[in-house]
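File shown: target02.txt (compact mmCIF, C-alpha atoms).
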```txt
# COMPACT_ATOMS: atom_id res chain seq x y z
CA MET A 15 0.00 0.00 0.00
CA ASN A 16 1.50 3.33 -1.08
CA CYS A 17 1.78 6.47 1.02
CA LEU A 18 -1.42 8.05 -0.37
CA SER A 19 -3.45 4.89 0.32
CA ALA A 20 -2.08 4.72 3.86
CA MET A 21 -3.09 8.34 4.40
CA PHE A 22 -6.62 7.60 3.13
CA LYS A 23 -6.79 4.58 5.44
CA TYR A 24 -6.06 6.49 8.64
CA LEU A 25 -8.05 9.53 7.56
CA LEU A 26 -11.10 7.32 6.91
CA TYR A 27 -10.62 5.60 10.24
CA LEU A 28 -10.59 8.93 12.09
CA LEU A 29 -13.61 10.19 10.12
CA ASN A 30 -15.49 6.99 10.94
CA LEU A 31 -14.83 7.53 14.63
CA VAL A 32 -16.34 11.01 14.22
CA PHE A 33 -19.34 9.47 12.42
CA VAL A 34 -19.81 6.93 15.22
CA ALA A 35 -20.00 9.85 17.65
CA GLY A 36 -22.26 11.72 15.19
CA GLY A 37 -24.63 8.74 15.02
CA ILE A 38 -24.86 8.64 18.80
CA LEU A 39 -25.47 12.42 18.83
CA LEU A 40 -28.32 12.11 16.28
CA ILE A 41 -29.94 9.39 18.39
CA VAL A 42 -29.69 11.62 21.47
CA VAL A 43 -31.06 14.71 19.63
CA GLY A 44 -34.03 12.75 18.23
CA SER A 45 -34.75 11.24 21.65
CA ILE A 46 -34.61 14.67 23.32
CA MET A 47 -37.04 16.07 20.73
CA LEU A 48 -39.49 13.25 21.44
CA SER A 49 -39.13 13.58 25.21
CA THR A 50 -39.56 17.37 25.03
CA MET A 51 -42.99 16.91 23.47
CA GLY A 52 -43.85 14.51 26.30
CA ASN A 53 -47.31 12.94 26.21
CA PHE A 54 -48.41 15.32 23.45
CA THR A 55 -47.18 12.77 20.88
CA ALA A 56 -50.00 10.45 22.04
CA PHE A 57 -52.58 12.92 20.65
CA GLU A 58 -54.15 11.53 17.47
CA GLY A 59 -53.68 14.80 15.61
CA ALA A 60 -49.98 14.99 16.51
CA VAL A 61 -48.86 11.85 14.67
CA ASN A 62 -46.89 13.90 12.11
CA THR A 63 -44.89 15.61 14.86
CA GLN A 64 -43.12 12.32 15.57
CA THR A 65 -41.93 11.83 11.99
CA ILE A 66 -38.82 14.02 12.05
CA PRO A 67 -37.51 12.90 15.48
CA ILE A 68 -38.02 9.24 14.53
CA CYS A 69 -36.27 9.82 11.18
CA ILE A 70 -33.34 11.44 13.03
CA ILE A 71 -33.11 8.46 15.42
CA VAL A 72 -33.21 5.99 12.50
CA ILE A 73 -30.56 7.93 10.55
CA GLY A 74 -28.44 8.08 13.73
CA CYS A 75 -28.68 4.31 14.18
CA VAL A 76 -27.83 3.64 10.52
CA THR A 77 -24.92 6.12 10.66
CA PHE A 78 -23.57 4.46 13.80
CA VAL A 79 -23.76 0.95 12.29
CA VAL A 80 -22.28 1.96 8.92
CA ALA A 81 -19.47 3.97 10.54
CA PHE A 82 -18.64 1.09 12.89
CA PHE A 83 -18.60 -1.26 9.90
CA GLY A 84 -16.32 1.19 8.07
CA CYS A 85 -13.92 1.34 11.01
CA CYS A 86 -13.55 -2.45 10.99
CA GLY A 87 -13.12 -2.67 7.21
CA THR A 88 -10.63 0.17 7.05
CA ILE A 89 -8.37 -0.83 9.93
CA ARG A 90 -8.29 -4.49 8.81
CA GLU A 91 -7.62 -3.45 5.19
CA ASN A 92 -10.44 -5.65 3.92
CA ALA A 93 -11.30 -4.64 0.33
CA CYS A 94 -14.74 -6.32 0.42
CA CYS A 95 -15.79 -4.58 3.65
CA THR A 96 -14.45 -1.26 2.41
CA THR A 97 -16.39 -1.60 -0.89
CA ILE A 98 -19.62 -2.44 0.94
CA TYR A 99 -18.96 0.52 3.24
CA ALA A 100 -18.49 2.82 0.22
CA ILE A 101 -21.83 1.66 -1.24
CA CYS A 102 -23.57 2.21 2.12
CA MET A 103 -22.02 5.67 2.34
CA LEU A 104 -23.31 6.51 -1.16
CA ILE A 105 -26.83 5.42 -0.11
CA LEU A 106 -26.55 7.50 3.08
CA PHE A 107 -25.38 10.48 1.00
CA GLY A 108 -28.50 10.18 -1.17
CA LEU A 109 -30.81 9.91 1.86
CA GLN A 110 -29.18 12.83 3.69
CA LEU A 111 -29.31 15.00 0.57
CA ALA A 112 -32.96 14.11 -0.04
CA LEU A 113 -33.84 14.90 3.60
CA SER A 114 -32.02 18.23 3.42
CA ILE A 115 -33.70 19.24 0.14
CA TRP A 116 -37.12 18.16 1.44
CA ILE A 117 -36.76 20.24 4.61
CA PHE A 118 -35.55 23.27 2.62
CA ALA A 119 -38.44 22.97 0.13
CA ALA A 120 -41.25 22.10 2.56
CA ASN A 121 -40.14 24.05 5.65
CA ASP A 122 -42.80 26.80 5.50
CA LYS A 123 -45.57 24.31 4.74
CA PHE A 124 -44.36 22.06 7.55
CA LEU A 125 -44.34 24.91 10.10
CA THR A 126 -47.86 25.92 9.01
CA SER A 127 -49.02 22.33 9.57
CA MET A 128 -47.46 22.38 13.05
CA GLY A 129 -49.52 25.47 13.86
CA LYS A 130 -52.64 23.61 12.71
CA VAL A 131 -51.74 20.74 15.05
CA VAL A 132 -52.01 23.14 18.00
CA ASP A 133 -55.30 24.49 16.64
CA LYS A 134 -56.67 20.95 16.52
CA ALA A 135 -55.36 20.15 20.01
CA PHE A 136 -57.14 23.23 21.39
CA ASP A 137 -60.40 22.43 19.58
CA GLU A 138 -60.34 18.77 20.71
CA ASN A 139 -59.09 19.32 24.27
CA ASP A 140 -61.31 16.80 26.01
CA ALA A 141 -61.07 13.57 27.99
CA ALA A 142 -61.71 11.45 24.88
CA GLN A 143 -58.52 12.83 23.30
CA GLY A 144 -56.58 12.74 26.58
CA TYR A 145 -56.51 16.55 27.03
CA PRO A 146 -53.76 17.22 24.43
CA MET A 147 -53.51 20.91 25.38
CA ASP A 148 -52.59 19.90 28.93
CA ALA A 149 -49.73 17.77 27.57
CA LEU A 150 -48.61 20.62 25.31
CA GLN A 151 -48.83 23.24 28.07
CA LEU A 152 -46.86 21.06 30.47
CA ALA A 153 -44.18 20.21 27.89
CA PHE A 154 -43.64 23.73 26.53
CA LYS A 155 -44.56 25.81 29.59
CA CYS A 156 -47.14 27.75 27.62
CA CYS A 157 -50.83 28.62 27.98
CA GLY A 158 -53.63 28.55 25.42
CA ASN A 159 -53.45 28.33 21.66
CA THR A 160 -52.91 32.06 21.13
CA GLY A 161 -52.77 33.03 24.83
CA TYR A 162 -54.29 32.47 28.27
CA GLN A 163 -57.10 34.94 27.41
CA GLN A 164 -58.84 32.15 25.46
CA TYR A 165 -59.74 30.37 28.69
CA THR A 166 -62.71 31.23 30.88
CA THR A 167 -61.07 29.16 33.62
CA VAL A 168 -57.34 28.75 33.14
CA PRO A 169 -56.40 25.04 33.48
CA ALA A 170 -53.87 23.83 36.04
CA SER A 171 -51.47 22.75 33.27
CA CYS A 172 -50.85 26.44 32.45
CA CYS A 173 -49.05 26.62 35.78
CA GLY A 174 -47.23 23.34 35.28
CA TYR A 175 -49.57 21.31 37.53
CA THR A 176 -50.45 17.77 36.41
CA ASP A 177 -53.41 17.68 38.82
CA ARG A 178 -56.33 19.17 36.85
CA SER A 179 -58.21 20.00 40.08
CA ARG A 180 -55.60 22.55 41.19
CA THR A 181 -56.09 26.27 40.69
CA CYS A 182 -53.65 28.05 38.38
CA GLU A 183 -52.45 31.37 39.80
CA ALA A 184 -52.61 34.51 37.63
CA GLU A 185 -49.02 35.49 38.47
CA ILE A 186 -47.89 32.31 36.71
CA TYR A 187 -50.17 31.91 33.70
CA THR A 188 -50.04 35.58 32.68
CA LEU A 189 -46.30 35.16 32.06
CA ARG A 190 -46.73 32.06 29.91
CA PRO A 191 -46.41 32.49 26.10
CA ALA A 192 -48.95 31.19 23.58
CA CYS A 193 -48.54 27.48 22.80
CA GLN A 194 -48.77 27.89 19.04
CA THR A 195 -45.87 30.34 19.06
CA GLU A 196 -43.76 28.11 21.31
CA PHE A 197 -44.53 24.94 19.35
CA VAL A 198 -43.83 26.48 15.91
CA ASP A 199 -40.63 28.15 17.20
CA PHE A 200 -39.49 24.78 18.60
CA TRP A 201 -39.84 23.15 15.19
CA ALA A 202 -38.39 26.14 13.32
CA SER A 203 -35.17 26.09 15.36
CA ASN A 204 -34.83 22.29 15.10
CA THR A 205 -35.54 22.08 11.36
CA ASP A 206 -32.96 24.84 10.73
CA LEU A 207 -30.39 22.78 12.62
CA ILE A 208 -31.38 19.55 10.85
CA ARG A 209 -31.40 20.87 7.28
CA TRP A 210 -28.00 22.61 7.47
CA SER A 211 -26.32 19.78 9.38
CA SER A 212 -27.81 17.22 6.95
CA LEU A 213 -26.42 19.13 3.99
CA ILE A 214 -22.94 19.39 5.56
CA ILE A 215 -22.95 15.70 6.56
CA ALA A 216 -24.06 14.72 3.04
CA LEU A 217 -21.06 16.54 1.53
CA PHE A 218 -18.74 14.77 3.97
CA GLU A 219 -20.32 11.43 3.05
CA LEU A 220 -19.71 12.10 -0.64
CA GLY A 221 -16.04 12.77 0.10
CA ILE A 222 -15.78 9.62 2.22
CA PHE A 223 -17.41 7.59 -0.57
CA ILE A 224 -14.76 8.76 -3.04
CA MET A 225 -11.91 8.03 -0.59
CA SER A 226 -13.36 4.60 0.23
CA CYS A 227 -13.52 3.67 -3.45
CA CYS A 228 -9.89 4.73 -3.92
CA LEU A 229 -8.81 2.80 -0.83
CA ALA A 230 -10.72 -0.36 -1.85
CA SER A 231 -9.11 -0.19 -5.29
CA ALA A 232 -5.64 0.11 -3.74
CA MET A 233 -6.35 -2.88 -1.46
CA ARG A 234 -7.27 -5.09 -4.42
CA LYS A 235 -4.04 -4.18 -6.25
CA ARG A 236 -1.77 -5.26 -3.39
```

Starting from the file, lay out its structure as structure tokens.
Amino acid sequence: MNCLSAMFKYLLYLLNLVFVAGGILLIVVGSIMLSTMGNFTAFEGAVNTQTIPICIIVIGCVTFVVAFFGCCGTIRENACCTTIYAICMLILFGLQLALSIWIFAANDKFLTSMGKVVDKAFDENDAAQGYPMDALQLAFKCCGNTGYQQYTTVPASCCGYTDRSRTCEAEIYTLRPACQTEFVDFWASNTDLIRWSSLIIALFELGIFIMSCCLASAMRKR
């Protein structure tokens, strides 16, 4: 193996270690997003809100497995493993690029749909639906769809109380923001992070694919 191939080998190994950590990070970020929404994800009208966090967790798991596989193939100088890794990296590049483009193209429409989710939660805030506004108000420390003024009697969840029989004090709920604003802002900040990071990661994956192909070719020629 020549000097350039050896350099590619150790560079790929280090990049794969970074991708292993990146996969773990994506899993953690997706899990935090799901846990932040709390029980609100159980609301029938909030099914779409779970899509992005679940996709992030899945991509994180796939990234972790592929990167771990790449580490083994690279350090052992196995041409077959390295070729399979390169193909997997090309597939990941396509998926990451598609996700990034989709989020860029559909971001405004997606945020509008998230606002409608809160509208639906407010309109269907009853025992049959499991009081989705309570879950939302507890998770995001907010009150009402557009503000606490919408309530004749402000619910306990506007003060962070899980016991619906408790009285919510005015000095607490008057300081709480509107839930629609908080919920849409939550998704806006997260989708911005996801789309730019996905685009950057996709470019790195393309570079790794090219290096992997070169390295696999050099391994076969030994």

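CA of Ala100 in chain A lies 5.4 Å from CA of Ser226 in chain A.
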
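Put simply, CA of Ile70 in chain A is 5.4 Å away from CA of Gly44 in chain A.
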
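The smallest atom-to-atom distance between Glu219 in chain A and any of A:Tyr99, A:Tyr187, A:Phe82, A:Phe136, using only C-alpha atoms, is found for A:Tyr99.
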
May I ask for the distance between CA of Thr167 in chain A and CA of Arg180 in chain A, given in Å to one decimal place?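 These atoms are spaced 11.4 Å apart.
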
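Of the listed residues A:Ile41, A:Leu48, A:Leu213, A:Ala230, the one whose atoms come nearest to Leu109 in chain A is A:Leu213, with distances taken using only C-alpha atoms.
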
Pick out the residues sitting within 8 Å of Pro169 in chain A, and hand them over as a list in words; count all atoms listed in the file, and ignore anything fewer than 5 positions along from it in its own chain. Asp148, Arg178, Thr181 and Cys182 of chain A

Taking all atoms listed in the file into account, which of A:Met103, A:Ile215, A:Cys95, A:Ile115 comes nearest Ser231 in chain A? A:Cys95

Which is closest to Ile214 in chain A among A:Leu113, A:Ala142, A:Ile98, A:Cys156, if we use only C-alpha atoms?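 Closest residue, counting only C-alpha atoms: A:Leu113.
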
List the neighbours of Arg190 in chain A out to 9 Å using only C-alpha atoms; skip same-chain residues closer than 4 positions along the sequence, and give me the result as an MDAnalysis selection string. chainID A and resid 155:158 161:162 172:173 186

Restricting the output to C-alpha atoms, write the selected residues as a short mmCIF file (atom, residue, chain, number, x, y, z; two decimals), in the frame of the given file.
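Listed below is the output, selection31.cif:
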```cif
data_model
loop_
_atom_site.label_atom_id
_atom_site.label_comp_id
_atom_site.auth_asym_id
_atom_site.auth_seq_id
_atom_site.Cartn_x
_atom_site.Cartn_y
_atom_site.Cartn_z
CA LYS A 155 -44.56 25.81 29.59
CA CYS A 156 -47.14 27.75 27.62
CA CYS A 157 -50.83 28.62 27.98
CA GLY A 158 -53.63 28.55 25.42
CA GLY A 161 -52.77 33.03 24.83
CA TYR A 162 -54.29 32.47 28.27
CA CYS A 172 -50.85 26.44 32.45
CA CYS A 173 -49.05 26.62 35.78
CA ILE A 186 -47.89 32.31 36.71
#
```

For Leu25 in chain A, the nearest of the candidates A:Ile66, A:Leu111, A:Val42, A:Cys85, counting all atoms listed in the file: A:Cys85
